[in-house]
>>> print(open('target28.txt').read())   # compact mmCIF, C-alpha atoms (C1' of nucleotides)
# COMPACT_ATOMS: atom_id res chain seq x y z
CA MET A 1 26.93 -59.64 -16.00
CA GLU A 2 24.89 -62.03 -13.98
CA SER A 3 27.00 -62.56 -10.90
CA VAL A 4 27.54 -60.10 -8.09
CA PHE A 5 31.28 -60.62 -8.46
CA GLU A 6 31.30 -59.24 -11.98
CA ILE A 7 29.33 -56.25 -10.77
CA ILE A 8 31.83 -55.27 -8.11
CA ALA A 9 34.78 -55.99 -10.38
CA GLU A 10 34.38 -52.51 -11.83
CA PRO A 11 36.36 -49.90 -9.83
CA ASN A 12 33.89 -47.07 -10.44
CA ARG A 13 31.03 -49.21 -9.22
CA ARG A 14 32.91 -50.06 -6.05
CA ALA A 15 33.57 -46.36 -5.55
CA ILE A 16 29.86 -45.62 -5.92
CA LEU A 17 28.98 -48.33 -3.45
CA SER A 18 31.51 -47.00 -0.95
CA LEU A 19 30.01 -43.56 -1.32
CA LEU A 20 26.52 -44.87 -0.71
CA ALA A 21 27.75 -46.74 2.33
CA SER A 22 27.99 -43.46 4.18
CA SER A 23 24.68 -42.05 3.02
CA GLN A 24 22.33 -41.84 0.10
CA GLN A 25 23.35 -39.61 -2.77
CA SER A 26 21.89 -38.06 -5.88
CA VAL A 27 23.42 -38.74 -9.27
CA GLY A 28 24.87 -35.27 -9.41
CA GLU A 29 26.49 -35.62 -6.02
CA ILE A 30 28.09 -38.87 -7.08
CA GLU A 31 29.23 -37.30 -10.31
CA ARG A 32 30.86 -34.45 -8.45
CA GLN A 33 32.48 -36.42 -5.66
CA LEU A 34 33.89 -39.13 -7.89
CA GLN A 35 34.68 -36.81 -10.78
CA MET A 36 33.25 -39.01 -13.46
CA PRO A 37 30.99 -38.04 -16.37
CA GLN A 38 27.28 -38.12 -15.68
CA PRO A 39 26.42 -40.78 -18.31
CA THR A 40 29.03 -43.03 -16.76
CA VAL A 41 27.45 -42.59 -13.35
CA SER A 42 23.98 -43.26 -14.70
CA LYS A 43 25.06 -46.38 -16.53
CA HIS A 44 26.82 -47.83 -13.52
CA LEU A 45 23.86 -46.99 -11.34
CA ARG A 46 21.63 -48.79 -13.78
CA VAL A 47 23.79 -51.89 -13.56
CA LEU A 48 23.86 -51.67 -9.78
CA ARG A 49 20.12 -51.15 -9.62
CA GLU A 50 19.28 -54.08 -11.87
CA ALA A 51 21.59 -56.26 -9.82
CA GLY A 52 19.90 -55.21 -6.59
CA PHE A 53 22.83 -53.33 -5.10
CA VAL A 54 20.99 -50.02 -4.93
CA GLU A 55 17.52 -48.57 -5.15
CA SER A 56 16.33 -45.08 -5.91
CA THR A 57 13.58 -42.73 -4.92
CA VAL A 58 12.45 -39.74 -6.89
CA ASP A 59 12.97 -36.31 -5.42
CA ALA A 60 11.73 -33.81 -8.01
CA GLN A 61 14.25 -33.96 -10.87
CA ARG A 62 16.75 -35.75 -8.69
CA ARG A 63 16.98 -39.37 -7.90
CA LEU A 64 18.34 -40.41 -4.59
CA TYR A 65 20.19 -43.69 -4.58
CA ARG A 66 20.72 -45.77 -1.50
CA LEU A 67 22.38 -49.06 -0.78
CA LYS A 68 20.68 -52.43 -0.66
CA PRO A 69 22.86 -54.91 1.20
CA GLU A 70 21.69 -58.29 -0.07
CA PRO A 71 24.12 -58.76 -2.97
CA LEU A 72 27.08 -57.74 -0.88
CA GLN A 73 25.93 -60.15 1.74
CA GLU A 74 26.15 -62.80 -0.92
CA VAL A 75 29.82 -61.96 -1.39
CA ASP A 76 30.27 -62.09 2.35
CA ASP A 77 28.72 -65.54 2.42
CA TRP A 78 31.00 -66.77 -0.34
CA LEU A 79 33.98 -65.70 1.73
CA ALA A 80 32.86 -67.73 4.71
CA PRO A 81 34.68 -71.00 3.84
CA PHE A 82 37.92 -69.09 3.46
CA ARG A 83 37.87 -67.15 6.67
CA ARG A 84 39.39 -69.92 8.73
CA PHE A 85 42.58 -69.32 6.74
CA TRP A 86 43.16 -66.02 8.43
CA SER A 87 41.30 -66.58 11.64
CA ALA A 88 43.36 -65.73 14.68
CA HIS A 89 42.29 -68.93 16.40
CA VAL A 90 45.19 -71.31 16.50
CA ASP A 91 42.95 -74.32 16.79
CA ALA A 92 41.18 -73.22 13.65
CA LEU A 93 44.47 -73.17 11.85
CA GLU A 94 45.27 -76.61 13.15
CA ARG A 95 41.90 -77.83 12.06
CA HIS A 96 42.79 -76.57 8.64
CA LEU A 97 46.15 -78.26 8.52
CA ASP A 98 44.47 -81.45 9.65
CA ARG A 99 42.27 -81.52 6.60
CA MET A 100 44.96 -80.65 4.11
CA ASP A 101 45.18 -84.22 2.88
CA GLU A 102 41.62 -85.34 3.18
CA PRO A 103 40.20 -85.70 -0.32
CA PRO A 104 36.42 -85.70 0.22
CA PRO A 105 35.04 -82.20 0.29
CA THR A 106 32.42 -82.51 2.99
CA LYS A 107 29.50 -80.36 2.03
CA GLY A 108 28.54 -79.39 5.54
CA LYS A 109 26.77 -76.23 6.56
CA ALA A 110 28.36 -73.56 8.65
CA ARG A 111 28.41 -74.68 12.23
CA ARG A 112 28.75 -72.32 15.09
CA LYS A 113 30.68 -73.21 18.14
CA ARG A 114 30.90 -71.33 21.38
CA MET B 1 43.63 -57.65 -14.23
CA GLU B 2 45.20 -55.78 -11.37
CA SER B 3 42.56 -55.90 -8.71
CA VAL B 4 41.56 -58.88 -6.64
CA PHE B 5 37.94 -58.23 -7.57
CA GLU B 6 38.58 -58.80 -11.24
CA ILE B 7 40.35 -62.02 -10.36
CA ILE B 8 37.43 -63.50 -8.48
CA ALA B 9 34.94 -62.22 -11.03
CA GLU B 10 35.67 -65.30 -13.13
CA PRO B 11 33.41 -68.25 -12.16
CA ASN B 12 36.00 -70.91 -12.94
CA ARG B 13 38.54 -69.19 -10.76
CA ARG B 14 36.08 -69.01 -7.89
CA ALA B 15 35.42 -72.71 -8.35
CA ILE B 16 39.13 -73.44 -8.19
CA LEU B 17 39.50 -71.37 -5.05
CA SER B 18 36.58 -73.16 -3.42
CA LEU B 19 38.18 -76.47 -4.27
CA LEU B 20 41.46 -75.43 -2.75
CA ALA B 21 39.66 -74.26 0.35
CA SER B 22 39.09 -77.87 1.34
CA SER B 23 42.57 -79.11 0.54
CA GLN B 24 45.45 -78.68 -1.86
CA GLN B 25 45.02 -80.18 -5.32
CA SER B 26 47.08 -81.03 -8.36
CA VAL B 27 46.20 -79.55 -11.74
CA GLY B 28 44.84 -82.89 -12.92
CA GLU B 29 42.61 -83.24 -9.91
CA ILE B 30 41.18 -79.78 -10.47
CA GLU B 31 40.69 -80.56 -14.13
CA ARG B 32 38.78 -83.72 -13.29
CA GLN B 33 36.65 -82.39 -10.47
CA LEU B 34 35.64 -79.21 -12.25
CA GLN B 35 35.44 -80.81 -15.68
CA MET B 36 37.30 -78.11 -17.50
CA PRO B 37 40.09 -78.45 -20.08
CA GLN B 38 43.59 -78.61 -18.69
CA PRO B 39 44.87 -75.48 -20.49
CA THR B 40 42.00 -73.57 -18.99
CA VAL B 41 42.93 -74.77 -15.53
CA SER B 42 46.58 -73.91 -16.03
CA LYS B 43 45.79 -70.44 -17.30
CA HIS B 44 43.49 -69.66 -14.42
CA LEU B 45 46.01 -71.02 -11.96
CA ARG B 46 48.62 -68.78 -13.49
CA VAL B 47 46.39 -65.76 -12.98
CA LEU B 48 45.65 -66.83 -9.42
CA ARG B 49 49.32 -67.45 -8.70
CA GLU B 50 50.48 -64.11 -10.05
CA ALA B 51 47.78 -62.40 -8.02
CA GLY B 52 48.89 -64.19 -4.86
CA PHE B 53 45.76 -66.29 -4.38
CA VAL B 54 47.60 -69.60 -4.62
CA GLU B 55 51.08 -71.05 -4.52
CA SER B 56 52.45 -74.33 -5.79
CA THR B 57 55.00 -76.93 -4.87
CA VAL B 58 56.53 -79.47 -7.20
CA ASP B 59 55.77 -83.15 -6.64
CA ALA B 60 57.47 -85.11 -9.46
CA GLN B 61 55.56 -84.20 -12.63
CA ARG B 62 52.70 -82.83 -10.61
CA ARG B 63 52.27 -79.45 -9.12
CA LEU B 64 50.29 -79.12 -5.95
CA TYR B 65 48.41 -75.89 -5.55
CA ARG B 66 47.32 -74.52 -2.24
CA LEU B 67 45.49 -71.43 -1.13
CA LYS B 68 47.06 -68.20 0.07
CA PRO B 69 44.52 -66.14 1.98
CA GLU B 70 45.86 -62.60 1.74
CA PRO B 71 44.01 -61.41 -1.38
CA LEU B 72 40.72 -62.82 -0.14
CA GLN B 73 41.31 -61.07 3.13
CA GLU B 74 41.55 -57.90 1.11
CA VAL B 75 38.06 -58.52 -0.21
CA ASP B 76 36.89 -59.20 3.31
CA ASP B 77 38.35 -55.89 4.42
CA TRP B 78 36.59 -54.03 1.63
CA LEU B 79 33.29 -55.45 2.82
CA ALA B 80 33.79 -54.14 6.33
CA PRO B 81 32.09 -50.74 5.88
CA PHE B 82 29.01 -52.45 4.50
CA ARG B 83 28.50 -55.04 7.17
CA ARG B 84 26.53 -52.74 9.42
CA PHE B 85 23.78 -52.89 6.80
CA TRP B 86 23.01 -56.47 7.61
CA SER B 87 24.47 -56.89 11.07
CA ALA B 88 21.05 -56.13 12.53
CA HIS B 89 20.05 -59.71 11.88
CA VAL B 90 20.85 -61.54 15.04
CA ASP B 91 22.14 -64.79 13.62
CA ALA B 92 24.33 -63.06 11.10
CA LEU B 93 25.55 -60.75 13.79
CA GLU B 94 26.59 -63.62 15.98
CA ARG B 95 28.34 -65.33 13.15
CA HIS B 96 30.07 -62.08 12.41
CA LEU B 97 31.08 -61.45 15.99
CA ASP B 98 32.47 -64.92 16.02
CA ARG B 99 35.34 -63.71 13.95
CA MET B 100 35.82 -60.47 15.83
CA ASP B 101 38.89 -61.47 17.79
CA GLU B 102 40.97 -58.47 17.04
CA PRO B 103 39.81 -55.60 19.19
CA PRO B 104 39.32 -52.46 17.15
CA PRO B 105 38.24 -49.74 19.57
CA THR B 106 34.63 -49.90 18.41
CA LYS B 107 33.47 -52.14 21.15
CA GLY B 108 29.74 -52.08 20.72
CA LYS B 109 27.86 -52.60 17.54
CA ALA B 110 26.78 -49.38 15.92
CA ARG B 111 23.27 -49.49 14.65
CA ARG B 112 22.67 -46.01 13.47
CA LYS B 113 20.62 -44.73 10.65
CA ARG B 114 21.22 -41.77 8.40
C1' DC C 1 66.78 -93.34 -25.41
C1' DC C 2 61.64 -93.63 -26.17
C1' DC C 3 57.42 -92.90 -24.62
C1' DA C 4 53.57 -91.77 -21.47
C1' DT C 5 52.10 -88.56 -18.20
C1' DA C 6 51.60 -83.93 -16.36
C1' DT C 7 51.63 -79.20 -16.93
C1' DG C 8 52.65 -74.73 -19.13
C1' DT C 9 52.40 -71.48 -23.12
C1' DG C 10 51.48 -69.10 -27.77
C1' DC C 11 48.25 -67.77 -31.24
C1' DC C 12 43.84 -66.71 -32.78
C1' DT C 13 38.99 -65.68 -32.56
C1' DT C 14 35.13 -64.02 -30.31
C1' DG C 15 32.41 -61.57 -27.30
C1' DA C 16 31.61 -58.48 -23.51
C1' DC C 17 31.85 -54.13 -21.56
C1' DA C 18 33.41 -49.40 -20.46
C1' DC C 19 33.65 -44.92 -22.32
C1' DG C 20 32.64 -40.58 -25.07
C1' DT C 21 29.43 -37.99 -27.56
C1' DA C 22 25.09 -36.77 -28.68
C1' DT C 23 20.43 -36.82 -27.73
C1' DA C 24 16.05 -37.91 -25.30
C1' DT C 25 12.97 -37.48 -21.26
C1' DG C 26 11.15 -35.42 -17.23
C1' DC C 27 10.37 -31.82 -13.82
C1' DC C 28 10.61 -27.19 -12.00
C1' DT C 29 10.25 -22.14 -12.16
C1' DA C 30 9.44 -17.72 -14.08
C1' DT D 1 4.77 -22.15 -22.14
C1' DA D 2 9.63 -21.51 -22.58
C1' DG D 3 13.80 -22.65 -20.91
C1' DG D 4 16.97 -24.83 -17.98
C1' DC D 5 18.52 -28.35 -14.86
C1' DA D 6 18.89 -33.37 -13.67
C1' DT D 7 19.03 -37.85 -15.30
C1' DA D 8 18.58 -41.57 -18.67
C1' DT D 9 19.64 -43.80 -23.04
C1' DA D 10 21.39 -44.84 -27.98
C1' DC D 11 25.20 -45.52 -30.88
C1' DG D 12 29.80 -46.24 -32.30
C1' DT D 13 34.42 -47.58 -30.88
C1' DG D 14 38.41 -49.59 -28.65
C1' DT D 15 40.21 -52.71 -25.36
C1' DC D 16 40.84 -56.81 -23.04
C1' DA D 17 40.19 -61.28 -21.43
C1' DA D 18 38.42 -66.17 -21.90
C1' DG D 19 38.41 -70.33 -24.59
C1' DG D 20 39.99 -73.68 -28.08
C1' DC D 21 43.71 -75.74 -30.20
C1' DA D 22 48.26 -77.02 -31.08
C1' DC D 23 52.54 -77.38 -29.31
C1' DA D 24 56.40 -76.96 -25.94
C1' DT D 25 58.58 -78.49 -21.72
C1' DA D 26 59.62 -81.52 -17.93
C1' DT D 27 59.57 -85.79 -15.27
C1' DG D 28 59.71 -90.68 -14.60
C1' DG D 29 59.86 -95.52 -16.14
C1' DG D 30 60.95 -99.33 -19.18
>>> encode(input="target28.txt", output="structure tokens")
Amino acid sequence: MESVFEIIAEPNRRAILSLLASSQQSVGEIERQLQMPQPTVSKHLRVLREAGFVESTVDAQRRLYRLKPEPLQEVDDWLAPFRRFWSAHVDALERHLDRMDEPPPTKGKARRKR
Amino acid sequence: MESVFEIIAEPNRRAILSLLASSQQSVGEIERQLQMPQPTVSKHLRVLREAGFVESTVDAQRRLYRLKPEPLQEVDDWLAPFRRFWSAHVDALERHLDRMDEPPPTKGKARRKR
DNA sequence: CCCATATGTGCCTTGACACGTATATGCCTA
DNA sequence: TAGGCATATACGTGTCAAGGCACATATGGG
């Protein structure tokens, strides 16, 4: 369970993250909105917390969980090399087709044009 | 193994996809570059193929695998609601806007807090 | 045909993880 | 301080997927 990809592979965890994308929520609110047992919610929140996806603050007996974006940003970064495959830019597509038979995987950084 | 997220949760599969992002490869080339046993490569390719991540063409005894972007685009779409959490960073924002060719009615960037 | 090369598949074992149930911990109010 | 609500955790269980190994299949060349 090290990688961020394994974390978001779980449907319930993705549902929790989507919920928290709109606003912070308490455990009970998550439990009610997603209709899953409270221990399940707590366990998934623990995983998400230890992986840095969420953080919590104490509000009396409640704990309010809110999103932390860094791990998801990591996923976003991993997607970067693939985006040119569905980019609307025709020249980007042509650039892709150009490289289809070039063996050496150039390890260049992301360059911005424009 | 239905969802695209479970597919890319596997490190070897992500490695294969990254390889194919640069250019199409035969099974043997993947095996050699990633240093994993051939049955492992074939099994992962089968999973990727059935999930629509790759497709193959026959070249004599070889099979050339190439990327199909749709499932990864699905991941990209899922990330959309979260991007506003890190789009405040200017450089990331610019990189992000770089791919914003399609005009969804939200013209300006929303930087609201809840 | 026989064989080497290239790739796919079946079986088995192992380990990880998600879930349910029960229980523990902590805080608030009367 | 008792009792109840909110959340966390421990334990046992079942499922499922990844890896190793052997083998099957297909192609091409001598």
>>> atom_distance(input="target28.txt", atom1="CA of Arg49 in chain B", atom2="CA of Ser22 in chain B")
17.7 Å
>>> residues_around(input="target28.txt", residues="range 29-41 of chain A", least_positions_apart="5", cutoff="9 Å", atoms="all atoms listed in the file", output="ChimeraX atom specification")
/A:12-13,15-16,19-20,46 /C:18-19 /D:7-9
>>> closest_residue(input="target28.txt", among="A:Ala60, A:Leu17, A:Val47, A:Met1", to="chain D", atoms="all atoms listed in the file")
A:Ala60
>>> closest_residue(input="target28.txt", among="B:Leu48, B:Val27, B:Val58, B:Val4", to="chain D", atoms="all atoms listed in the file")
B:Val58
>>> atom_distance(input="target28.txt", atom1="CA of Gln24 in chain A", atom2="CA of Arg66 in chain A")
4.5 Å
>>> closest_atom_pairs(input="target28.txt", of="chain D", to="chain B", cutoff="9 Å", atoms="all atoms listed in the file", output="CSV")
residue,atom,partner,partner_atom,distance
D:DA17,C1',B:Met1,CA,8.8
D:DA18,C1',B:Thr40,CA,8.7
D:DG19,C1',B:Thr40,CA,7.4
D:DA26,C1',B:Gln61,CA,7.2
D:DT27,C1',B:Gln61,CA,5.1
D:DG28,C1',B:Ala60,CA,7.9
>>> interface_residues(input="target28.txt", of="chain B", to="chain A", cutoff="6 Å", atoms="only C-alpha atoms", output="list in words")
Phe5, Glu6, Ala9 and Ser23 of chain B
>>> atom_distance(input="target28.txt", atom1="CA of Gly28 in chain B", atom2="C1' of DA6 in chain C")
7.7 Å
>>> residues_around(input="target28.txt", residues="DT29 in chain C", least_positions_apart="2", cutoff="10 Å", atoms="all atoms listed in the file", output="VMD selection string")
(chain C and resid 27) or (chain D and resid 3 to 4)
>>> interface_residues(input="target28.txt", of="chain C", to="chain B", cutoff="9 Å", atoms="all atoms listed in the file", output="PyMOL selection string")
chain C and resi 5-9
